[in-house]
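Asker: Got my_file.txt for you, compact mmCIF, C-alpha atoms and all ligand atoms:
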```txt
# COMPACT_ATOMS: atom_id res chain seq x y z
CA MET A 1 112.94 102.24 107.83
CA GLU A 2 112.88 102.94 104.13
CA PHE A 3 113.59 100.32 101.49
CA ASN A 4 117.41 100.36 101.24
CA THR A 5 117.89 100.72 105.01
CA SER A 6 115.60 97.79 105.70
CA LEU A 7 117.59 95.62 103.27
CA LEU A 8 120.65 96.14 105.47
CA HIS A 9 119.20 96.50 108.95
CA GLY A 10 116.06 94.37 108.85
CA ARG A 11 118.10 91.32 109.84
CA THR A 12 116.44 89.03 112.37
CA ASP A 13 118.78 86.00 112.60
CA ARG A 14 120.49 85.38 115.94
CA ASN A 15 124.07 86.45 116.02
CA ASP A 16 125.97 85.98 119.31
CA LEU A 17 129.47 86.67 117.98
CA GLY A 18 128.77 89.96 116.26
CA ALA A 19 129.29 88.58 112.74
CA THR A 20 128.27 91.34 110.35
CA GLN A 21 126.85 88.86 107.89
CA THR A 22 124.79 85.67 108.39
CA PRO A 23 127.19 82.70 108.79
CA ILE A 24 127.00 79.76 106.38
CA TYR A 25 125.93 76.60 108.21
CA GLN A 26 127.21 74.23 105.53
CA VAL A 27 126.11 71.03 107.32
CA SER A 28 123.63 68.25 106.67
CA ALA A 29 122.60 67.46 110.26
CA PHE A 30 122.49 69.02 113.73
CA ALA A 31 123.46 66.99 116.81
CA HIS A 32 121.50 67.28 120.07
CA ASP A 33 122.39 66.47 123.67
CA SER A 34 119.74 63.80 124.17
CA ALA A 35 117.26 61.60 122.32
CA GLU A 36 114.50 63.52 124.12
CA THR A 37 115.68 66.87 122.72
CA LEU A 38 115.82 65.54 119.17
CA GLU A 39 112.34 64.10 119.64
CA LYS A 40 111.09 67.56 120.64
CA VAL A 41 112.85 69.27 117.73
CA PHE A 42 111.24 66.78 115.33
CA ALA A 43 107.81 67.44 116.80
CA ASN A 44 108.31 71.25 116.63
CA ARG A 45 108.00 71.36 120.43
CA ALA A 46 111.52 72.77 120.88
CA PRO A 47 113.43 75.27 118.74
CA GLY A 48 116.38 74.01 116.77
CA PHE A 49 117.35 72.21 113.61
CA SER A 50 117.64 68.53 112.76
CA TYR A 51 118.46 68.07 109.09
CA SER A 52 119.13 70.65 106.35
CA ARG A 53 116.46 69.31 104.00
CA ILE A 54 113.92 70.30 106.66
CA GLY A 55 115.55 73.44 108.00
CA ASN A 56 118.92 75.20 108.22
CA PRO A 57 119.87 78.44 110.03
CA THR A 58 121.35 80.13 106.93
CA VAL A 59 118.36 79.17 104.80
CA ASP A 60 116.07 80.25 107.64
CA ALA A 61 117.74 83.68 107.71
CA PHE A 62 117.19 84.02 103.95
CA GLU A 63 113.54 82.97 104.31
CA LYS A 64 112.99 85.54 107.04
CA ARG A 65 114.54 88.28 104.93
CA MET A 66 112.32 87.42 101.98
CA ALA A 67 109.19 87.26 104.15
CA ALA A 68 110.06 90.67 105.63
CA LEU A 69 110.86 92.12 102.21
CA GLU A 70 107.47 91.10 100.83
CA GLY A 71 105.52 91.72 104.04
CA GLY A 72 104.44 88.08 104.38
CA VAL A 73 104.00 85.90 107.48
CA GLY A 74 106.75 83.47 106.45
CA ALA A 75 108.58 81.85 103.55
CA ALA A 76 109.95 78.55 102.31
CA ALA A 77 113.11 78.63 100.20
CA CYS A 78 113.48 76.20 97.31
CA SER A 79 116.26 74.75 95.18
CA SER A 80 115.08 76.74 92.12
CA GLY A 81 112.41 79.11 90.93
CA MET A 82 110.71 76.20 89.18
CA ALA A 83 110.67 74.22 92.44
CA ALA A 84 109.01 77.22 94.11
CA VAL A 85 106.40 77.57 91.34
CA THR A 86 105.69 73.81 91.43
CA MET A 87 105.40 73.57 95.22
CA SER A 88 103.30 76.73 95.52
CA LEU A 89 100.69 75.06 93.31
CA LEU A 90 100.92 71.43 94.45
CA ASN A 91 100.42 72.54 98.05
CA ILE A 92 96.81 73.36 97.18
CA LEU A 93 95.96 71.38 94.01
CA LYS A 94 95.02 67.76 93.43
CA ALA A 95 93.74 65.64 90.55
CA GLY A 96 90.57 67.12 89.08
CA ASP A 97 91.45 70.72 89.98
CA GLU A 98 91.91 73.58 87.55
CA VAL A 99 94.27 76.54 87.63
CA ILE A 100 93.98 79.71 85.56
CA ALA A 101 97.28 81.06 84.26
CA GLY A 102 98.54 83.80 81.97
CA ALA A 103 99.63 82.78 78.47
CA GLY A 104 102.63 85.13 78.64
CA LEU A 105 104.31 83.22 81.45
CA PHE A 106 107.91 82.07 81.72
CA GLY A 107 108.44 79.12 79.33
CA GLY A 108 109.38 76.71 82.12
CA THR A 109 106.09 77.39 83.89
CA ILE A 110 104.12 76.79 80.69
CA ASP A 111 105.99 73.47 80.31
CA LEU A 112 105.23 72.62 83.96
CA PHE A 113 101.49 72.96 83.33
CA ARG A 114 101.85 70.37 80.57
CA ASP A 115 103.53 68.01 83.09
CA LEU A 116 100.82 68.63 85.69
CA ALA A 117 98.16 67.59 83.15
CA GLN A 118 99.47 64.05 83.53
CA PHE A 119 98.47 64.18 87.20
CA GLY A 120 94.96 65.38 86.41
CA ILE A 121 95.57 69.09 87.04
CA THR A 122 94.36 71.28 84.18
CA ALA A 123 95.63 74.76 83.31
CA LYS A 124 93.39 77.19 81.49
CA PHE A 125 95.29 80.01 79.83
CA ALA A 126 94.18 83.62 79.59
CA ASP A 127 95.82 85.71 76.83
CA THR A 128 96.25 88.40 79.44
CA VAL A 129 95.25 88.07 83.07
CA THR A 130 92.49 90.61 83.69
CA PRO A 131 89.37 90.58 85.90
CA GLU A 132 87.32 89.81 82.75
CA SER A 133 89.48 86.95 81.45
CA VAL A 134 89.67 85.37 84.91
CA SER A 135 85.88 85.60 85.42
CA ARG A 136 85.35 83.98 82.03
CA LEU A 137 87.64 81.01 82.81
CA ILE A 138 86.62 80.35 86.42
CA SER A 139 84.69 77.13 87.02
CA GLU A 140 83.59 75.07 90.01
CA ARG A 141 86.92 73.26 89.80
CA THR A 142 89.19 76.31 89.79
CA ARG A 143 91.46 76.31 92.84
CA ALA A 144 94.08 78.96 91.99
CA VAL A 145 94.92 81.81 89.66
CA PHE A 146 98.61 82.02 88.79
CA THR A 147 100.19 85.01 87.10
CA GLU A 148 103.47 86.82 86.70
CA VAL A 149 103.35 90.46 87.76
CA ILE A 150 105.39 91.41 84.68
CA GLY A 151 105.27 88.50 82.21
CA ASN A 152 108.64 87.13 81.12
CA PRO A 153 109.02 87.51 78.11
CA LYS A 154 105.67 89.06 77.11
CA LEU A 155 106.15 91.99 79.51
CA ASP A 156 102.40 92.33 80.11
CA VAL A 157 101.67 93.96 83.45
CA VAL A 158 98.90 92.55 85.61
CA ASP A 159 96.67 94.80 87.71
CA ILE A 160 97.07 92.78 90.91
CA LYS A 161 94.42 94.59 92.92
CA ALA A 162 91.69 94.17 90.31
CA VAL A 163 92.51 90.50 89.65
CA ALA A 164 92.77 89.67 93.37
CA GLN A 165 89.30 91.11 93.95
CA VAL A 166 87.79 88.80 91.34
CA CYS A 167 89.69 85.77 92.72
CA HIS A 168 88.46 86.47 96.24
CA SER A 169 84.86 86.92 95.13
CA TYR A 170 85.05 83.25 94.06
CA GLY A 171 87.01 82.15 97.17
CA ILE A 172 90.16 81.42 95.17
CA PRO A 173 93.73 82.53 95.98
CA LEU A 174 95.89 84.63 93.67
CA ILE A 175 99.48 83.39 93.34
CA THR A 176 101.86 85.90 91.79
CA ASP A 177 105.31 85.18 90.40
CA SER A 178 107.07 88.43 91.26
CA THR A 179 110.50 87.50 89.83
CA THR A 180 110.64 90.28 87.26
CA ALA A 181 108.95 92.94 89.38
CA THR A 182 110.81 92.33 92.68
CA PRO A 183 109.76 94.00 95.96
CA TYR A 184 111.51 97.13 94.68
CA LEU A 185 108.62 97.74 92.25
CA VAL A 186 105.64 96.30 94.11
CA HIS A 187 104.49 94.46 97.24
CA PRO A 188 101.77 92.13 95.86
CA PHE A 189 100.35 91.34 99.34
CA GLU A 190 99.42 95.00 99.83
CA LEU A 191 97.33 94.75 96.66
CA GLY A 192 95.57 91.53 97.65
CA ALA A 193 97.77 88.72 96.31
CA ASP A 194 97.80 85.65 98.59
CA ILE A 195 101.02 83.80 97.74
CA VAL A 196 104.14 85.29 96.15
CA VAL A 197 106.85 83.21 94.48
CA HIS A 198 110.21 84.29 93.11
CA SER A 199 112.94 82.76 91.08
CA THR A 200 115.56 84.26 93.40
CA SER A 201 118.16 83.15 90.84
CA LYS A 202 117.38 86.46 89.15
CA TYR A 203 117.15 89.96 90.68
CA ILE A 204 117.19 88.84 94.33
CA ASN A 205 120.56 87.14 93.90
CA GLY A 206 121.61 89.75 91.36
CA GLY A 207 125.01 88.33 90.51
CA GLY A 208 123.88 85.33 88.52
CA ASN A 209 125.64 82.90 90.86
CA SER A 210 122.97 80.63 92.45
CA ILE A 211 119.83 78.87 91.22
CA SER A 212 117.12 79.25 93.87
CA GLY A 213 113.52 80.15 94.58
CA VAL A 214 111.19 81.11 97.39
CA ILE A 215 107.50 80.89 98.31
CA ILE A 216 106.10 83.58 100.60
CA ASP A 217 102.69 83.49 102.23
CA GLY A 218 100.67 86.62 102.92
CA GLY A 219 98.76 84.70 105.63
CA ARG A 220 95.37 86.19 104.88
CA PHE A 221 93.65 83.66 102.62
CA GLU A 222 90.88 81.58 104.25
CA TRP A 223 91.42 77.97 103.21
CA ASP A 224 87.83 76.85 103.58
CA SER A 225 87.52 73.15 103.94
CA GLY A 226 84.89 72.82 101.21
CA LYS A 227 87.28 73.78 98.44
CA TYR A 228 90.52 72.76 100.15
CA PRO A 229 89.64 69.70 102.26
CA ASP A 230 93.32 68.85 102.87
CA PHE A 231 93.70 72.04 104.89
CA GLY A 232 91.36 70.70 107.57
CA SER A 233 94.14 69.39 109.81
CA PHE A 234 96.13 72.63 109.44
CA ARG A 235 93.42 74.97 110.70
CA SER A 236 95.05 75.18 114.13
CA PHE A 237 98.02 76.93 112.48
CA GLY A 238 95.79 79.91 111.69
CA LYS A 239 97.51 82.32 109.34
CA PHE A 240 100.46 79.90 109.03
CA ALA A 241 98.29 77.06 107.65
CA TYR A 242 99.62 77.25 104.08
CA LEU A 243 103.28 77.19 105.15
CA ALA A 244 102.70 74.52 107.81
CA LYS A 245 101.12 72.25 105.21
CA LEU A 246 103.88 73.00 102.70
CA ARG A 247 106.74 72.40 105.12
CA SER A 248 105.36 69.19 106.55
CA GLY A 249 104.27 67.90 103.13
CA LEU A 250 105.57 67.97 99.57
CA TRP A 251 108.22 70.66 100.06
CA ARG A 252 110.03 68.43 102.57
CA ASN A 253 109.14 65.09 101.04
CA ALA A 254 110.05 65.97 97.47
CA GLY A 255 113.36 67.39 98.75
CA THR A 256 113.15 70.84 97.20
CA CYS A 257 115.30 72.55 99.85
CA LEU A 258 117.83 75.30 99.11
CA SER A 259 121.52 74.77 99.86
CA PRO A 260 122.91 76.93 102.72
CA PHE A 261 125.64 78.32 100.48
CA ASN A 262 123.13 79.51 97.85
CA ALA A 263 120.97 80.98 100.62
CA TYR A 264 124.02 82.94 101.78
CA MET A 265 124.73 84.23 98.26
CA ASN A 266 121.11 85.39 98.03
CA ILE A 267 121.31 87.15 101.41
CA VAL A 268 124.32 89.09 100.13
CA GLY A 269 122.36 89.82 96.96
CA THR A 270 119.23 91.16 98.69
CA GLU A 271 121.24 93.88 100.41
CA THR A 272 121.94 95.67 97.12
CA LEU A 273 118.54 94.98 95.51
CA GLY A 274 117.39 98.59 95.81
CA LEU A 275 120.54 100.10 94.34
CA ARG A 276 120.68 97.61 91.50
CA MET A 277 117.02 97.95 90.59
CA GLU A 278 117.18 101.74 90.65
CA ARG A 279 120.06 101.66 88.17
CA ILE A 280 118.62 98.81 86.08
CA CYS A 281 115.20 100.48 85.67
CA GLU A 282 116.84 103.77 84.72
CA ASN A 283 119.15 102.04 82.21
CA ALA A 284 116.29 100.00 80.71
CA LYS A 285 114.16 103.09 80.19
CA ARG A 286 116.98 105.05 78.54
CA LEU A 287 117.92 102.11 76.32
CA ALA A 288 114.28 101.51 75.34
CA GLU A 289 113.83 105.20 74.46
CA HIS A 290 116.95 105.18 72.35
CA LEU A 291 116.09 101.97 70.51
CA GLN A 292 112.65 103.32 69.78
CA SER A 293 114.21 106.18 67.84
CA LEU A 294 116.05 103.79 65.47
CA ASP A 295 114.73 102.62 62.09
CA GLY A 296 113.43 99.11 61.55
CA ILE A 297 113.19 98.23 65.25
CA THR A 298 110.11 98.02 67.46
CA VAL A 299 110.47 98.12 71.22
CA ASN A 300 108.30 96.56 73.91
CA TYR A 301 109.00 98.01 77.36
CA PRO A 302 106.26 98.56 79.96
CA GLY A 303 107.93 101.78 81.14
CA LEU A 304 107.46 103.54 77.78
CA GLU A 305 104.60 105.99 77.35
CA THR A 306 103.59 104.09 74.22
CA SER A 307 103.13 100.83 76.17
CA PRO A 308 99.55 99.62 76.68
CA TYR A 309 100.54 98.99 80.32
CA CYS A 310 101.78 102.54 80.93
CA ARG A 311 98.88 103.38 83.27
CA THR A 312 99.28 100.25 85.38
CA VAL A 313 103.03 100.90 85.52
CA GLN A 314 102.27 104.39 86.85
CA SER A 315 99.74 103.32 89.46
CA GLN A 316 101.30 100.03 90.55
CA PHE A 317 105.07 100.59 90.17
CA GLY A 318 105.30 104.37 90.55
CA GLY A 319 106.29 104.70 86.89
CA LYS A 320 109.25 102.31 86.89
CA GLY A 321 109.11 99.69 84.13
CA GLY A 322 111.53 97.02 85.36
CA GLY A 323 114.72 95.75 83.77
CA ILE A 324 113.58 93.74 80.75
CA LEU A 325 112.69 94.85 77.25
CA THR A 326 112.10 93.01 74.03
CA ILE A 327 112.81 94.29 70.55
CA ARG A 328 111.69 93.05 67.16
CA ALA A 329 114.35 93.29 64.49
CA GLY A 330 112.21 92.61 61.40
CA SER A 331 113.56 89.13 60.65
CA ARG A 332 115.15 86.22 62.40
CA GLU A 333 118.35 86.77 60.40
CA ARG A 334 118.66 90.37 61.46
CA ALA A 335 117.90 89.42 65.08
CA PHE A 336 120.80 86.93 65.01
CA ARG A 337 123.14 89.45 63.33
CA LEU A 338 122.19 92.09 65.90
CA ILE A 339 122.83 89.76 68.83
CA ASN A 340 126.20 88.69 67.41
CA LEU A 341 127.31 92.31 66.91
CA LEU A 342 126.84 93.27 70.57
CA LYS A 343 130.09 93.82 72.47
CA TYR A 344 128.96 94.03 76.09
CA ALA A 345 125.69 92.11 76.24
CA LEU A 346 126.28 88.43 76.95
CA ILE A 347 124.31 85.86 74.95
CA ALA A 348 122.82 83.83 77.78
CA THR A 349 119.55 82.40 79.06
CA ASN A 350 119.09 84.32 82.28
CA ILE A 351 117.69 87.60 83.56
CA GLY A 352 118.33 89.83 86.55
CA ASP A 353 122.12 89.73 86.36
CA VAL A 354 124.21 92.85 86.95
CA ARG A 355 125.48 92.27 83.39
CA THR A 356 123.28 92.93 80.36
CA LEU A 357 122.11 89.65 78.81
CA VAL A 358 120.42 88.98 75.46
CA ILE A 359 118.68 85.95 73.99
CA HIS A 360 116.64 84.98 70.92
CA PRO A 361 113.68 83.34 72.74
CA ALA A 362 112.05 81.58 69.74
CA SER A 363 115.12 79.39 69.12
CA THR A 364 115.94 78.76 72.79
CA ILE A 365 113.57 79.10 75.76
CA TYR A 366 110.48 78.81 73.54
CA LEU A 367 111.88 76.09 71.28
CA HIS A 368 109.43 73.51 72.63
CA SER A 369 106.31 75.63 72.17
CA ASP A 370 104.27 75.73 68.99
CA GLU A 371 103.95 79.00 67.09
CA LYS A 372 100.57 79.90 68.60
CA ARG A 373 101.77 79.46 72.21
CA ARG A 374 104.91 81.38 71.36
CA GLU A 375 103.10 84.33 69.84
CA GLN A 376 100.66 84.40 72.78
CA ALA A 377 103.76 84.85 74.93
CA GLY A 378 104.94 87.74 72.77
CA VAL A 379 107.72 85.71 71.16
CA PHE A 380 108.12 86.09 67.38
CA GLU A 381 110.84 84.89 64.99
CA ASP A 382 112.49 88.33 65.14
CA THR A 383 112.17 88.94 68.93
CA ILE A 384 115.22 89.59 71.10
CA ARG A 385 114.91 89.76 74.89
CA VAL A 386 117.26 92.11 76.70
CA SER A 387 117.82 91.88 80.46
CA VAL A 388 119.44 95.21 81.19
CA GLY A 389 122.37 95.37 83.61
CA ILE A 390 124.09 98.09 85.61
CA GLU A 391 126.72 99.09 83.02
CA ASP A 392 127.18 102.77 82.23
CA ILE A 393 124.27 103.70 80.03
CA ASN A 394 126.38 105.48 77.40
CA ASP A 395 128.30 102.25 76.76
CA LEU A 396 125.07 100.27 76.46
CA ILE A 397 123.45 102.78 74.11
CA GLU A 398 126.55 102.95 71.92
CA ASP A 399 126.77 99.14 71.80
CA PHE A 400 123.11 98.61 70.85
CA ASP A 401 123.07 101.58 68.49
CA ASN A 402 126.03 100.17 66.58
CA ALA A 403 124.59 96.64 66.47
CA VAL A 404 121.17 97.83 65.30
CA LYS A 405 122.66 99.99 62.52
CA ARG A 406 125.21 97.45 61.29
CA SER A 407 122.74 94.54 61.45
CA GLY A 408 120.46 96.49 59.10
CA GLU A 409 123.15 97.27 56.50
CA ASN A 410 123.33 94.01 54.55
CA GLY A 411 119.89 92.70 55.47
C1 LIG A 501 113.58 82.15 85.69
C2 LIG A 501 112.17 82.21 86.05
C3 LIG A 501 111.54 81.12 86.68
C4 LIG A 501 112.25 79.82 86.97
O1 LIG A 501 113.29 80.01 87.87
P1 LIG A 501 114.60 79.05 87.96
O2 LIG A 501 115.32 79.63 89.12
O3 LIG A 501 115.31 79.17 86.66
O4 LIG A 501 114.10 77.67 88.20
C5 LIG A 501 110.21 81.27 87.03
N1 LIG A 501 109.53 82.40 86.76
C6 LIG A 501 110.10 83.45 86.14
C7 LIG A 501 109.30 84.68 85.87
C8 LIG A 501 111.44 83.39 85.75
O5 LIG A 501 112.00 84.43 85.12
```
Translate the structure described by the file into structure tokens.
Answerer:
Amino acid sequence: MEFNTSLLHGRTDRNDLGATQTPIYQVSAFAHDSAETLEKVFANRAPGFSYSRIGNPTVDAFEKRMAALEGGVGAAACSSGMAAVTMSLLNILKAGDEVIAGAGLFGGTIDLFRDLAQFGITAKFADTVTPESVSRLISERTRAVFTEVIGNPKLDVVDIKAVAQVCHSYGIPLITDSTTATPYLVHPFELGADIVVHSTSKYINGGGNSISGVIIDGGRFEWDSGKYPDFGSFRSFGKFAYLAKLRSGLWRNAGTCLSPFNAYMNIVGTETLGLRMERICENAKRLAEHLQSLDGITVNYPGLETSPYCRTVQSQFGGKGGGILTIRAGSRERAFRLINLLKYALIATNIGDVRTLVIHPASTIYLHSDEKRREQAGVFEDTIRVSVGIEDINDLIEDFDNAVKRSGENG
């Protein structure tokens, strides 16, 4: 099956009544015919569900779709992308450990690393995640490397294969946040990544209607007990050790489960991922090319030939540059004027919607970062982030063209 066919026909949930879509099991608990049966379900000795914080058929169907989409051995859905990022790390880290992360990460993830410092977990930031920067930062205490495949909002593209090789030479897993790339552009496991997380609130859902996240395990990393002593009791799970530990530990106990309704909305969303991404990538490239031709504007889009990541985009994503671009308008005032002049683009803090969205990151999502952190993330006073939607490209070009020209008139 090719990509779009598998999105529709790769379904594995049980379906006795012929329902064409996964039903929504909007319940908290599942009743069983005897105390003995429930005992077995609790001990994972019988199939079935007990309580929706621990497992739910609709959520399970979503997890299976995501695992299949990424080519992993299994997945755990979470209440948000941030819950997924947090749990993916806390499943392997403890006080005294270090994690290496990209400086161009999503603002919420940067903030999370500040919170984790209070629990004795230290993040070391690399300006860009490359084999060289990772080698330089690795120490005896490093237990994970965390990176976004395409940084949001920096839009730096990581060479997954090269970075994974370095991680593995030190016996450390590579965790990739694939939110902005999606499985349409790349399958990180094929290139050596060990754990993939998504904010499925974004492109996976596609309609901007549910906050959610997911952690997917590639099942190949060897959790040696020297570096990861807590994995000792999960060895019998073999390639499922990471997920077994996650599901029986913090993921369940911190209550980071996804609601069945949101899982359903995401299932509906995944089915059109290929079509949406095809259109979004095409629109983003055309819009970036047009904006580049206008005076007083600089454009950052990995899919442009002028991008420093052009070669990695070619080799890793087959030339497609994703759906996000940033532009610099010359001044904060002009950036605000430009945003306010747009007719179709909504001013909102989200990405991956079918609608085009714009935001001024320095005054919003990067408000809590100092100037140095901000600029390391590619966010300047005059930066605008554009998450391109599926509108007709001529309307988008006309809208941005008009806003760019008029915002420059009285500036
Ligand atoms: C949005 C986003 C997150 C956080 O996801 P939420 O669903 O908002 O919690 C994490 N990583 C990236 C790259 C994101 O864009």
Asker: Extending 4 Å beyond the listed atoms of ligand LIG 501 (chain A) on each side, what axis-aligned box results? I want centre and edge lengths in Å to one decimal, as lines of an AutoDock Vina configuration file.
Answerer:
```
center_x = 112.3
center_y = 81.2
center_z = 87.1
size_x = 14.0
size_y = 15.0
size_z = 12.0
```
Asker: Could you jot down the atom CA of A:Ala46 to atom CA of A:Ser236 separation for me, Å, one decimal place?
Answerer: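 That distance, rounded to one decimal, is 18.0 Å.
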Asker: Compare A:Gly10, A:Gly389, A:Pro260, A:Gly104 by their minimum atom-to-atom distance to ligand LIG 501 (chain A), counting only C-alpha atoms and all ligand atoms, and give me the closest one.
Answerer: A:Gly104
Asker: Between atom CA of A:Glu278 and atom CA of A:Lys202, measure the distance and give it in Å to one decimal.
Answerer: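 So the two atoms, atom CA of A:Glu278 and atom CA of A:Lys202, lie 15.4 Å apart.
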Asker: Mind listing as a PyMOL selection string all residues within 10 Å of (117.4, 76.0, 98.8), counting all atoms listed in the file?
Answerer: chain A and resi 52-53+55-56+58-60+62-63+76-81+83-84+210-214+255-263
Asker: So which residues are near ligand LIG 501 (chain A), meaning at most 7 Å away with all atoms listed in the file counted, given back as a list of chain:residue names?
Answerer: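 For ligand LIG 501 (chain A), the residues inside 7 Å are A:Ser80, A:Gly81, A:Met82, A:Ala83, A:Val85, A:Leu105, A:Phe106, A:Gly108, A:Thr109, A:Glu148, A:Gly151, A:Asn152, A:Asp177, A:Ser178, A:Thr179, A:Thr180, A:His198, A:Ser199, A:Thr200, A:Ser201, A:Lys202, A:Ile211, A:Ser212, A:Gly213, A:Asn350, A:Ile351.
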Asker: Keeping only C-alpha atoms, take the residues you just selected and write them out as a PDB file, in the coordinates of the input.
Answerer:
```pdb
ATOM      1  CA  SER A  80     115.080  76.740  92.120  1.00  0.00           C
ATOM      2  CA  GLY A  81     112.410  79.110  90.930  1.00  0.00           C
ATOM      3  CA  MET A  82     110.710  76.200  89.180  1.00  0.00           C
ATOM      4  CA  ALA A  83     110.670  74.220  92.440  1.00  0.00           C
ATOM      5  CA  VAL A  85     106.400  77.570  91.340  1.00  0.00           C
ATOM      6  CA  LEU A 105     104.310  83.220  81.450  1.00  0.00           C
ATOM      7  CA  PHE A 106     107.910  82.070  81.720  1.00  0.00           C
ATOM      8  CA  GLY A 108     109.380  76.710  82.120  1.00  0.00           C
ATOM      9  CA  THR A 109     106.090  77.390  83.890  1.00  0.00           C
ATOM     10  CA  GLU A 148     103.470  86.820  86.700  1.00  0.00           C
ATOM     11  CA  GLY A 151     105.270  88.500  82.210  1.00  0.00           C
ATOM     12  CA  ASN A 152     108.640  87.130  81.120  1.00  0.00           C
ATOM     13  CA  ASP A 177     105.310  85.180  90.400  1.00  0.00           C
ATOM     14  CA  SER A 178     107.070  88.430  91.260  1.00  0.00           C
ATOM     15  CA  THR A 179     110.500  87.500  89.830  1.00  0.00           C
ATOM     16  CA  THR A 180     110.640  90.280  87.260  1.00  0.00           C
ATOM     17  CA  HIS A 198     110.210  84.290  93.110  1.00  0.00           C
ATOM     18  CA  SER A 199     112.940  82.760  91.080  1.00  0.00           C
ATOM     19  CA  THR A 200     115.560  84.260  93.400  1.00  0.00           C
ATOM     20  CA  SER A 201     118.160  83.150  90.840  1.00  0.00           C
ATOM     21  CA  LYS A 202     117.380  86.460  89.150  1.00  0.00           C
ATOM     22  CA  ILE A 211     119.830  78.870  91.220  1.00  0.00           C
ATOM     23  CA  SER A 212     117.120  79.250  93.870  1.00  0.00           C
ATOM     24  CA  GLY A 213     113.520  80.150  94.580  1.00  0.00           C
ATOM     25  CA  ASN A 350     119.090  84.320  82.280  1.00  0.00           C
ATOM     26  CA  ILE A 351     117.690  87.600  83.560  1.00  0.00           C
TER      27      ILE A 351
END
```
